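Heads up: the structure comes next, in structure tokens.
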Amino acid sequence: MARGRLRIYLGAAPGVGKTYAMLAEAHRRLDRGTDVVVGFVEHHNRRLTAELIDGLESVPRRELIHRGAVFTEMDVDAILARKPAVALVDELAHTNIPGCRNTKRWQDVEELLSAGIDVVSTVNIQHLESLGDVVEGITGVRQRETVPDAVVRRADQIELVDMSPQALRRRLAHGNVYAPEKIDAACANYFRLGNLTALRELALLWTADRVDEYLQRYREEQGIESTWQARERIVVGLTGGPEGATLIRRAARIAARGSGGEVLAVHISRSDGLAGSGSPQALIEQRALVESLGGSFHTVLGDDPAAALLDFARGVNATQIVLGSSRRRAWQYIYGPGVSATVTRDSGDIDVHIVTHEHAAKGRGRIPIRRVTDLGRTRTVAGWLIGVAGPPLLAVFLTQVHGLGLSTDMLLFLSLTVGAALIGGLFPAIASALVGSTALNYYFTPPVHTFNISEPENILAVGIFTAVGIAVASVVDLAARRTHQAARSQAEAQTLSALAGTVLRGAPSGDSLLTVLLDQVRETFQQDSAALLERAGEHAPWRVAASAGLRPPERPEDGDVDVPVGTELALVLCGRVLPAEDRRLLGAFAAQAAVLLERRRLAGEAAAARREAEGNRIRTALLAAVSHDLRTPLAGIKAAVSSLRTEDVEWDEADEAELLAGIEAGADRLDHLINNLLDMSRLQTGTVTPLIHEIDLDEVVPFALGGVPLEAVKLDVPETLPMIHADAGLLERSLANLIENAVKYSPDGVKVLVKADALHPPGAPGRVELRVVDRGPGVPEAAKERIFAPFQRYGDAPRGAGVGLGLAVARGFVEAMGGTVAAEDTPGGGLTMVVTLPAVDLSDVNFPEQPPLPPNRKAEPE
């Protein structure tokens, strides 16, 4: 069955018209004969939205009862049974009511897509998981309802519903977004002009990244190699020299001139040792600098730095390249024009910036010639020309200069042989020695212009020249081989060092270490994609454990390079076939990938073992609690009931009342213990889902005093406190546990103080802080965290006084509501429990949206 297609309408803020656009799209599809149903769209009694919904078939919602209230959610089973072509599902980041099959609505959407149903949905930019910190920095409020970025990025179509901040504020003022009584507060908080401008820019940039992915995929599918300058992307070429920081900062300034600019620093690690001219420590520092400026660092292995740099720039669709002025001295240009000049000449439609710096033309520390055996076509041809054509030309020149002598002529021919060895390698040098000896014999050994040698010493001289020439060529070539091997090892070590640094620093949000490693492999070897495949047995099918790049291979035979790791793992690359010498380095990558995969499995098993151990500990403690603490109130109840049922004793009213009061007290204690046990069980299993509302703290605190004498507590909770975000039931239970604990340890006649204040720290969201202050014995600093652990009772608390769950439950509930609970010393002696909860800020309220006016309706006059 083919998977359904997902279309998402993305907005920068409530009110831009995502739901209206989704419903309008549904009507267009319906007019074309498509089977469209409404899976879940909330119109909030707004006329314009309701009018668009009226013409569409709606699947009945599922009703759920939670905490005595009736809620409605999308009925996934009903939609699957109806099996329409297209389903409309609003508010993709919504959290479902407990009792639903899935926790989040996006998980419901995944089920519909897997069943072959197309889905049209909506989401705001602030609900994307990776942008939580950014949105919190803009609005001051952390969004609780989020959807993973990967879910949205997998959408087949993403359409940005855009609106200027000024237009959105006018729509808000006209009452088209929120109810009239909320307009002023909304305009002064979430809908401030600066907030809306920043959120709009965030939505535009995120959408631009997604469009860039589509563009890159299209260019690869169509084989388009030319640069399409859709956005500014600046590539910085780094050599590992001291000028790198200057280049990075310059590129960052260029990128900052326009919105959406991106900086990519790239270091070309050459197999012939050019990377050795750079400092590994400098590269580490430059990597940290570019990442701190919001860019990315890449390492590419290439024998031709200029070509590798241009290939990388074209591969990422770069618009500009930033390079530094060469550090070569003037005489060193005899070895070639240099990377900067070559890149400038061959860059085509990519702009190249040559940046001056204080190290320009001051030397690179060593001559950039490498004695290697794999010299490339240019140097090989040059070596053969020197070896074959050089001796005859030198002979012609020397015949015009008389009187140098045979020994001098031999030294000049020997120098030519050494030059051929340096430039072209062993075989051009041998050719130079043989041709040079022949030229010496013909032109300079009597009798001249013949190949005969009349004097024995001349025969010996020519023979020695030939032997020395071949020996020198062999030694130079051997040295070149050793240099090549050392340079290759250095390049490999540097690449592995960079990889280790990336892995040790950890993966970005949303990525695994395996993905980071595979992406590094793909970039290092210039491949299109990389995948780590695994299978359960030798004959079992392969599956992708992790991948990077577009269209990763699913089987070893699908790739261009595969490196097996045992019989059940394989690292597979797609893009180009690698030379044999690269496989050693690739094998190290494969081994590290296998280690990371095994570590990931062990981490999962360790987490499961920790959960099981914690469960066993709680079960053991629970058995201990049942065997003693729960039996204590039961024993009291049984004794009182047995006394009342005794027929040979006449109880007066006072005695009966006392016995009944004991039964009631025992039942209350038993109920309290059981409730704490059940609450702790819910916390441990992660099934506590708070229903967050705007509530007044002064309305909740009095209900938390039901389990303690009223005269034992002093309240100082002003009615002027701002409202808070909390679940009234969970907050009441938490405060009740904290207050009961404080009363239990407070001296007789000393009241427990319950005091609340509003806090407004600069640059941070407001919050309300409630303190429960007692004058008891207090708790040492080392035990302040331990008292919040389940089944912990501090000090000489008597058995039967509880199972040690009150504080653990209180902290668990408060943290589930986004707050904190901490213990502090009371000045003068005692313990203070500090509860901090977020205050209401309208920017954190997910009000339903008002759709835009339809095209055939006129807006209200401004």
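If you're wondering about the labels, chains in the structure tokens are A, B, ... by order shown, residues count from 1 in each chain, ligands from 1 in order shown.
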message: I'd like the neighbourhood of A:Ala823 as a list of chain:residue names, where a residue qualifies if any of its atoms comes within 7 Å (using only C-alpha atoms), though same-chain residues fewer than 6 positions away should be ignored.
response: A:Lys784, A:Leu831, A:Thr832, A:Met833, A:Val834
If you keep all heavy atoms, can you produce a file of those selected residues as a PDB file, in the first residue's frame?
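To be explicit, this is the file written out as result18.pdb:
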ATOM      1  N   LYS A 784      18.948  17.252  51.608  1.00  0.00           N
ATOM      2  CA  LYS A 784      17.842  18.048  51.042  1.00  0.00           C
ATOM      3  C   LYS A 784      17.287  17.445  49.756  1.00  0.00           C
ATOM      4  O   LYS A 784      16.118  17.645  49.440  1.00  0.00           O
ATOM      5  CB  LYS A 784      18.297  19.490  50.808  1.00  0.00           C
ATOM      6  CG  LYS A 784      18.332  20.325  52.087  1.00  0.00           C
ATOM      7  CD  LYS A 784      18.567  21.794  51.773  1.00  0.00           C
ATOM      8  CE  LYS A 784      18.424  22.672  53.010  1.00  0.00           C
ATOM      9  NZ  LYS A 784      19.380  22.388  54.057  1.00  0.00           N
ATOM     10  N   LEU A 831      12.618  24.148  58.147  1.00  0.00           N
ATOM     11  CA  LEU A 831      12.740  23.816  56.727  1.00  0.00           C
ATOM     12  C   LEU A 831      11.676  24.570  55.944  1.00  0.00           C
ATOM     13  O   LEU A 831      10.531  24.681  56.391  1.00  0.00           O
ATOM     14  CB  LEU A 831      12.567  22.299  56.509  1.00  0.00           C
ATOM     15  CG  LEU A 831      12.848  21.780  55.099  1.00  0.00           C
ATOM     16  CD1 LEU A 831      14.335  21.906  54.770  1.00  0.00           C
ATOM     17  CD2 LEU A 831      12.399  20.323  54.955  1.00  0.00           C
ATOM     18  N   THR A 832      12.055  25.082  54.781  1.00  0.00           N
ATOM     19  CA  THR A 832      11.130  25.799  53.906  1.00  0.00           C
ATOM     20  C   THR A 832      11.079  25.092  52.562  1.00  0.00           C
ATOM     21  O   THR A 832      12.114  24.868  51.925  1.00  0.00           O
ATOM     22  CB  THR A 832      11.585  27.255  53.696  1.00  0.00           C
ATOM     23  OG1 THR A 832      11.590  27.938  54.950  1.00  0.00           O
ATOM     24  CG2 THR A 832      10.641  27.983  52.747  1.00  0.00           C
ATOM     25  N   MET A 833       9.869  24.719  52.166  1.00  0.00           N
ATOM     26  CA  MET A 833       9.650  24.138  50.842  1.00  0.00           C
ATOM     27  C   MET A 833       9.229  25.253  49.895  1.00  0.00           C
ATOM     28  O   MET A 833       8.238  25.951  50.153  1.00  0.00           O
ATOM     29  CB  MET A 833       8.577  23.047  50.891  1.00  0.00           C
ATOM     30  CG  MET A 833       8.994  21.822  51.665  1.00  0.00           C
ATOM     31  SD  MET A 833      10.321  20.943  50.810  1.00  0.00           S
ATOM     32  CE  MET A 833      10.575  19.569  51.958  1.00  0.00           C
ATOM     33  N   VAL A 834       9.981  25.417  48.792  1.00  0.00           N
ATOM     34  CA  VAL A 834       9.739  26.500  47.844  1.00  0.00           C
ATOM     35  C   VAL A 834       9.158  25.896  46.570  1.00  0.00           C
ATOM     36  O   VAL A 834       9.811  25.092  45.895  1.00  0.00           O
ATOM     37  CB  VAL A 834      11.036  27.267  47.521  1.00  0.00           C
ATOM     38  CG1 VAL A 834      10.738  28.441  46.589  1.00  0.00           C
ATOM     39  CG2 VAL A 834      11.692  27.755  48.801  1.00  0.00           C
TER      40      VAL A 834
END
Distance query A:Glu719 at most 10 Å, only C-alpha atoms, self and fewer than 5 positions along chain excluded, as a PyMOL selection string: chain A and resi 696-699
For stretch 72-80 of chain A, please output as a compact mmCIF listing (two decimals) with N, CA and C atoms, in the first residue's frame all residues within 10 Å (counting only C-alpha atoms; exclusion window: fewer than 3 positions along the same chain).
# COMPACT_ATOMS: atom_id res chain seq x y z
N VAL A 37 -12.69 14.48 3.94
CA VAL A 37 -13.44 14.50 5.20
C VAL A 37 -12.69 15.35 6.21
N VAL A 38 -13.41 15.86 7.19
CA VAL A 38 -12.82 16.60 8.30
C VAL A 38 -12.55 15.62 9.43
N GLY A 39 -11.26 15.38 9.70
CA GLY A 39 -10.91 14.51 10.81
C GLY A 39 -11.00 15.24 12.13
N PHE A 40 -10.44 16.45 12.18
CA PHE A 40 -10.54 17.28 13.38
C PHE A 40 -10.24 18.73 12.99
N VAL A 41 -11.22 19.60 13.10
CA VAL A 41 -11.06 21.04 12.92
C VAL A 41 -11.91 21.72 13.98
N SER A 58 -17.81 15.52 8.03
CA SER A 58 -17.00 15.43 9.25
C SER A 58 -17.16 14.06 9.88
N VAL A 59 -16.03 13.45 10.23
CA VAL A 59 -16.06 12.17 10.94
C VAL A 59 -16.35 12.45 12.42
N PRO A 60 -17.35 11.80 13.01
CA PRO A 60 -17.67 12.07 14.43
C PRO A 60 -16.46 11.87 15.32
N ARG A 61 -16.35 12.74 16.31
CA ARG A 61 -15.21 12.67 17.22
C ARG A 61 -15.46 11.64 18.31
N ARG A 62 -14.37 11.24 18.94
CA ARG A 62 -14.44 10.30 20.04
C ARG A 62 -14.53 11.07 21.36
N GLU A 63 -15.47 10.67 22.22
CA GLU A 63 -15.63 11.33 23.51
C GLU A 63 -14.88 10.57 24.60
N LEU A 64 -14.16 11.32 25.44
CA LEU A 64 -13.38 10.75 26.52
C LEU A 64 -13.70 11.49 27.81
N ILE A 65 -13.73 10.77 28.92
CA ILE A 65 -13.97 11.38 30.22
C ILE A 65 -12.66 11.39 30.98
N LYS A 83 -11.91 5.54 5.47
CA LYS A 83 -10.85 5.53 4.44
C LYS A 83 -11.13 6.54 3.33
N PRO A 84 -11.09 7.81 3.64
CA PRO A 84 -11.24 8.83 2.59
C PRO A 84 -9.93 8.99 1.82
N ALA A 87 -7.87 13.59 4.49
CA ALA A 87 -8.42 13.92 5.82
C ALA A 87 -7.81 15.24 6.28
N VAL A 89 -6.75 17.50 9.34
CA VAL A 89 -6.40 17.34 10.76
C VAL A 89 -5.72 18.62 11.22
N ASP A 90 -6.42 19.41 12.01
CA ASP A 90 -5.90 20.69 12.48
C ASP A 90 -4.96 20.50 13.67
N THR A 95 -1.60 17.79 22.01
CA THR A 95 -1.43 16.64 22.90
C THR A 95 -2.79 16.04 23.20
N ASN A 96 -2.95 14.76 22.96
CA ASN A 96 -4.24 14.09 23.16
C ASN A 96 -4.54 13.89 24.64
N ILE A 97 -5.82 13.79 24.95
CA ILE A 97 -6.29 13.51 26.30
C ILE A 97 -5.86 12.09 26.69
N CYS A 100 -6.37 8.14 24.91
CA CYS A 100 -6.25 7.97 23.47
C CYS A 100 -5.13 6.97 23.16
N ARG A 101 -5.18 6.42 21.98
CA ARG A 101 -4.18 5.42 21.60
C ARG A 101 -2.78 6.03 21.49
N ASN A 102 -2.71 7.25 21.00
CA ASN A 102 -1.43 7.94 20.84
C ASN A 102 -1.40 9.17 21.74
N ARG A 105 -1.01 14.21 18.49
CA ARG A 105 -1.83 14.14 17.27
C ARG A 105 -0.99 13.79 16.06
N ASP A 108 -1.15 10.26 15.46
CA ASP A 108 -2.38 9.86 14.78
C ASP A 108 -2.25 10.08 13.27
N VAL A 109 -1.66 11.20 12.89
CA VAL A 109 -1.48 11.50 11.47
C VAL A 109 -0.58 10.47 10.80
N GLU A 111 -0.38 7.35 11.51
CA GLU A 111 -1.21 6.17 11.25
C GLU A 111 -2.05 6.36 9.99
N LEU A 112 -2.61 7.54 9.83
CA LEU A 112 -3.43 7.78 8.64
C LEU A 112 -2.57 7.73 7.38
N ALA A 115 -1.75 4.28 6.34
CA ALA A 115 -2.91 3.58 5.76
C ALA A 115 -3.22 4.08 4.35
N GLY A 116 -2.38 4.97 3.80
CA GLY A 116 -2.59 5.44 2.44
C GLY A 116 -3.51 6.63 2.32
N ILE A 117 -3.83 7.29 3.42
CA ILE A 117 -4.73 8.45 3.41
C ILE A 117 -3.90 9.72 3.37
Would you pick out the contacts of A:Met22 at 8 Å or less, using only C-alpha atoms, so that residues sharing its chain but fewer than 6 positions from it are not included, and give the list as a compact mmCIF listing (two decimals) with N, CA and C atoms, in the first residue's frame?
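Dumped everything to selection-v5.txt:
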# COMPACT_ATOMS: atom_id res chain seq x y z
N TYR A 9 0.21 23.42 6.36
CA TYR A 9 0.16 24.88 6.32
C TYR A 9 0.87 25.40 7.57
N LEU A 88 -8.65 16.12 6.84
CA LEU A 88 -8.19 17.39 7.39
C LEU A 88 -7.96 17.21 8.89
N VAL A 120 -4.04 16.78 5.29
CA VAL A 120 -3.74 18.22 5.25
C VAL A 120 -3.82 18.72 6.69
N SER A 121 -2.76 19.35 7.18
CA SER A 121 -2.71 19.75 8.58
C SER A 121 -2.13 21.15 8.71
N THR A 122 -2.10 21.65 9.96
CA THR A 122 -1.59 23.00 10.25
C THR A 122 -0.68 22.94 11.47
statement: Judged by only C-alpha atoms, the minimum distance to A:Ile354 among A:His693, A:Arg555, A:Lys755, A:Arg250 is found for A:Arg250
task: Return the single residue from A:Glu110, A:Glu25, A:Leu518, A:Ala203 that is closest to A:Val134, with distances computed using only C-alpha atoms.
output: A:Ala203
query: Residues of stretch 25-111 of chain A in strand (DSSP E) according to DSSP, as a PyMOL selection string?
result: chain A and resi 36-40+57-58+62-66+69-73+86-89
Residue contacts of stretch 581-596 of chain A (8 Å, only C-alpha atoms) excluding same-chain residues fewer than 6 positions away, as a PyMOL selection string: chain A and resi 492+513-514+517-518+521+532+563-565+569-571
message: I'd like the contact shell of A:Met163 - 7 Å cut-off, only C-alpha atoms, skipping same-chain residues fewer than 4 positions apart - returned as a PyMOL selection string.
response: chain A and resi 16+167-168
Write out, as a PDB file, in the first residue's frame, the residues just selected, with all heavy atoms.
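What landed in out-v4.pdb:
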ATOM      1  N   VAL A  16      -2.869  33.978  11.504  1.00  0.00           N
ATOM      2  CA  VAL A  16      -2.441  34.284  10.142  1.00  0.00           C
ATOM      3  C   VAL A  16      -3.317  33.599   9.099  1.00  0.00           C
ATOM      4  O   VAL A  16      -3.259  33.953   7.919  1.00  0.00           O
ATOM      5  CB  VAL A  16      -0.971  33.887   9.920  1.00  0.00           C
ATOM      6  CG1 VAL A  16      -0.063  34.693  10.811  1.00  0.00           C
ATOM      7  CG2 VAL A  16      -0.760  32.395  10.152  1.00  0.00           C
ATOM      8  N   ALA A 167      -0.481  43.861   9.717  1.00  0.00           N
ATOM      9  CA  ALA A 167      -1.784  43.347   9.295  1.00  0.00           C
ATOM     10  C   ALA A 167      -2.370  42.404  10.338  1.00  0.00           C
ATOM     11  O   ALA A 167      -3.586  42.409  10.591  1.00  0.00           O
ATOM     12  CB  ALA A 167      -1.652  42.644   7.942  1.00  0.00           C
ATOM     13  N   LEU A 168      -1.519  41.582  10.956  1.00  0.00           N
ATOM     14  CA  LEU A 168      -2.018  40.659  11.967  1.00  0.00           C
ATOM     15  C   LEU A 168      -2.534  41.414  13.194  1.00  0.00           C
ATOM     16  O   LEU A 168      -3.564  41.049  13.774  1.00  0.00           O
ATOM     17  CB  LEU A 168      -0.903  39.684  12.358  1.00  0.00           C
ATOM     18  CG  LEU A 168      -1.267  38.601  13.384  1.00  0.00           C
ATOM     19  CD1 LEU A 168      -2.488  37.813  12.933  1.00  0.00           C
ATOM     20  CD2 LEU A 168      -0.084  37.657  13.611  1.00  0.00           C
TER      21      LEU A 168
END
Non-local contacts of A:Leu426 (10 Å; only C-alpha atoms; under 2 positions in same chain excluded) as a PyMOL selection string: chain A and resi 373+383+417-418+420-424+428-432+470-478+480
File of the preceding selection, all heavy atoms, as a compact mmCIF listing (two decimals), in the first residue's frame:
# COMPACT_ATOMS: atom_id res chain seq x y z
N THR A 373 54.88 9.62 -5.41
CA THR A 373 54.88 8.74 -6.57
C THR A 373 53.63 8.95 -7.41
O THR A 373 53.67 8.78 -8.61
CB THR A 373 54.94 7.29 -6.10
OG1 THR A 373 53.91 7.07 -5.14
CG2 THR A 373 56.27 6.98 -5.46
N GLY A 383 58.04 15.57 -16.07
CA GLY A 383 59.21 14.76 -15.75
C GLY A 383 59.76 14.05 -16.97
O GLY A 383 60.99 13.99 -17.19
N THR A 417 69.24 15.01 -14.29
CA THR A 417 68.65 13.73 -13.87
C THR A 417 67.98 13.85 -12.51
O THR A 417 66.87 13.34 -12.29
CB THR A 417 69.74 12.64 -13.82
OG1 THR A 417 70.32 12.50 -15.11
CG2 THR A 417 69.16 11.32 -13.36
N VAL A 418 68.64 14.54 -11.58
CA VAL A 418 68.04 14.76 -10.25
C VAL A 418 66.75 15.57 -10.39
O VAL A 418 65.74 15.30 -9.74
CB VAL A 418 69.04 15.46 -9.31
CG1 VAL A 418 68.36 15.83 -8.00
CG2 VAL A 418 70.23 14.56 -9.05
N ALA A 420 64.75 15.65 -12.97
CA ALA A 420 63.71 14.77 -13.51
C ALA A 420 63.15 13.85 -12.44
O ALA A 420 61.94 13.56 -12.40
CB ALA A 420 64.29 13.95 -14.67
N ALA A 421 64.02 13.39 -11.50
CA ALA A 421 63.56 12.54 -10.41
C ALA A 421 62.64 13.31 -9.47
O ALA A 421 61.61 12.79 -9.01
CB ALA A 421 64.76 11.97 -9.66
N LEU A 422 63.02 14.55 -9.17
CA LEU A 422 62.21 15.35 -8.25
C LEU A 422 60.82 15.65 -8.82
O LEU A 422 59.82 15.65 -8.10
CB LEU A 422 62.92 16.66 -7.91
CG LEU A 422 64.22 16.56 -7.11
CD1 LEU A 422 64.85 17.93 -6.94
CD2 LEU A 422 63.94 15.93 -5.74
N ILE A 423 60.77 15.90 -10.11
CA ILE A 423 59.50 16.33 -10.71
C ILE A 423 58.70 15.14 -11.22
O ILE A 423 57.48 15.07 -11.00
CB ILE A 423 59.78 17.33 -11.85
CG1 ILE A 423 60.40 18.60 -11.28
CG2 ILE A 423 58.50 17.68 -12.61
CD1 ILE A 423 60.82 19.61 -12.32
N GLY A 424 59.37 14.20 -11.90
CA GLY A 424 58.61 13.14 -12.55
C GLY A 424 58.71 11.78 -11.92
O GLY A 424 57.98 10.87 -12.32
N PRO A 428 61.18 8.68 -15.34
CA PRO A 428 61.75 9.81 -16.10
C PRO A 428 63.22 10.05 -15.73
O PRO A 428 64.02 10.44 -16.60
CB PRO A 428 60.87 10.99 -15.70
CG PRO A 428 59.57 10.38 -15.33
CD PRO A 428 59.93 9.09 -14.66
N ALA A 429 63.60 9.82 -14.44
CA ALA A 429 64.99 10.01 -14.03
C ALA A 429 65.90 8.98 -14.69
O ALA A 429 67.02 9.29 -15.13
CB ALA A 429 65.10 9.94 -12.51
N ILE A 430 65.46 7.73 -14.76
CA ILE A 430 66.26 6.70 -15.44
C ILE A 430 66.42 7.04 -16.92
O ILE A 430 67.51 6.92 -17.51
CB ILE A 430 65.60 5.32 -15.25
CG1 ILE A 430 65.66 4.90 -13.78
CG2 ILE A 430 66.27 4.28 -16.14
CD1 ILE A 430 64.94 3.59 -13.49
N ALA A 431 65.30 7.50 -17.51
CA ALA A 431 65.38 7.90 -18.92
C ALA A 431 66.37 9.04 -19.08
O ALA A 431 67.17 9.08 -20.05
CB ALA A 431 64.00 8.31 -19.42
N SER A 432 66.36 9.99 -18.13
CA SER A 432 67.29 11.11 -18.20
C SER A 432 68.73 10.63 -18.08
O SER A 432 69.64 11.12 -18.80
CB SER A 432 66.97 12.12 -17.10
OG SER A 432 67.90 13.17 -17.08
N ILE A 470 71.14 6.65 -12.08
CA ILE A 470 70.08 5.69 -11.72
C ILE A 470 69.97 5.55 -10.21
O ILE A 470 68.87 5.48 -9.65
CB ILE A 470 70.36 4.33 -12.40
CG1 ILE A 470 70.26 4.47 -13.92
CG2 ILE A 470 69.40 3.27 -11.89
CD1 ILE A 470 70.63 3.20 -14.69
N ALA A 471 71.12 5.53 -9.51
CA ALA A 471 71.08 5.42 -8.05
C ALA A 471 70.41 6.63 -7.41
O ALA A 471 69.58 6.50 -6.49
CB ALA A 471 72.51 5.26 -7.52
N VAL A 472 70.78 7.81 -7.90
CA VAL A 472 70.15 9.03 -7.35
C VAL A 472 68.64 9.01 -7.60
O VAL A 472 67.84 9.35 -6.72
CB VAL A 472 70.80 10.29 -7.96
CG1 VAL A 472 69.97 11.54 -7.63
CG2 VAL A 472 72.21 10.46 -7.46
N ALA A 473 68.23 8.62 -8.81
CA ALA A 473 66.80 8.54 -9.12
C ALA A 473 66.08 7.56 -8.19
O ALA A 473 64.98 7.83 -7.70
CB ALA A 473 66.61 8.13 -10.58
N SER A 474 66.73 6.42 -7.92
CA SER A 474 66.12 5.43 -7.03
C SER A 474 65.99 5.95 -5.60
O SER A 474 64.95 5.78 -4.94
CB SER A 474 66.94 4.14 -7.04
OG SER A 474 67.02 3.60 -8.34
N VAL A 475 67.05 6.62 -5.13
CA VAL A 475 67.00 7.16 -3.76
C VAL A 475 65.94 8.23 -3.63
O VAL A 475 65.16 8.28 -2.66
CB VAL A 475 68.39 7.70 -3.36
CG1 VAL A 475 68.31 8.47 -2.04
CG2 VAL A 475 69.39 6.56 -3.24
N VAL A 476 65.89 9.12 -4.62
CA VAL A 476 64.88 10.18 -4.58
C VAL A 476 63.47 9.59 -4.62
O VAL A 476 62.56 10.01 -3.89
CB VAL A 476 65.10 11.17 -5.74
CG1 VAL A 476 63.92 12.13 -5.86
CG2 VAL A 476 66.39 11.93 -5.54
N ASP A 477 63.27 8.57 -5.47
CA ASP A 477 61.95 7.95 -5.55
C ASP A 477 61.59 7.24 -4.26
O ASP A 477 60.45 7.28 -3.80
CB ASP A 477 61.92 6.96 -6.72
CG ASP A 477 60.54 6.37 -6.91
OD1 ASP A 477 59.64 7.10 -7.38
OD2 ASP A 477 60.35 5.18 -6.57
N LEU A 478 62.61 6.56 -3.64
CA LEU A 478 62.34 5.91 -2.36
C LEU A 478 61.96 6.92 -1.29
O LEU A 478 61.02 6.71 -0.51
CB LEU A 478 63.58 5.11 -1.93
CG LEU A 478 63.47 4.37 -0.58
CD1 LEU A 478 62.35 3.34 -0.65
CD2 LEU A 478 64.80 3.72 -0.22
N ALA A 480 60.58 9.74 -1.88
CA ALA A 480 59.24 10.22 -2.22
C ALA A 480 58.18 9.24 -1.73
O ALA A 480 57.12 9.65 -1.26
CB ALA A 480 59.13 10.42 -3.73
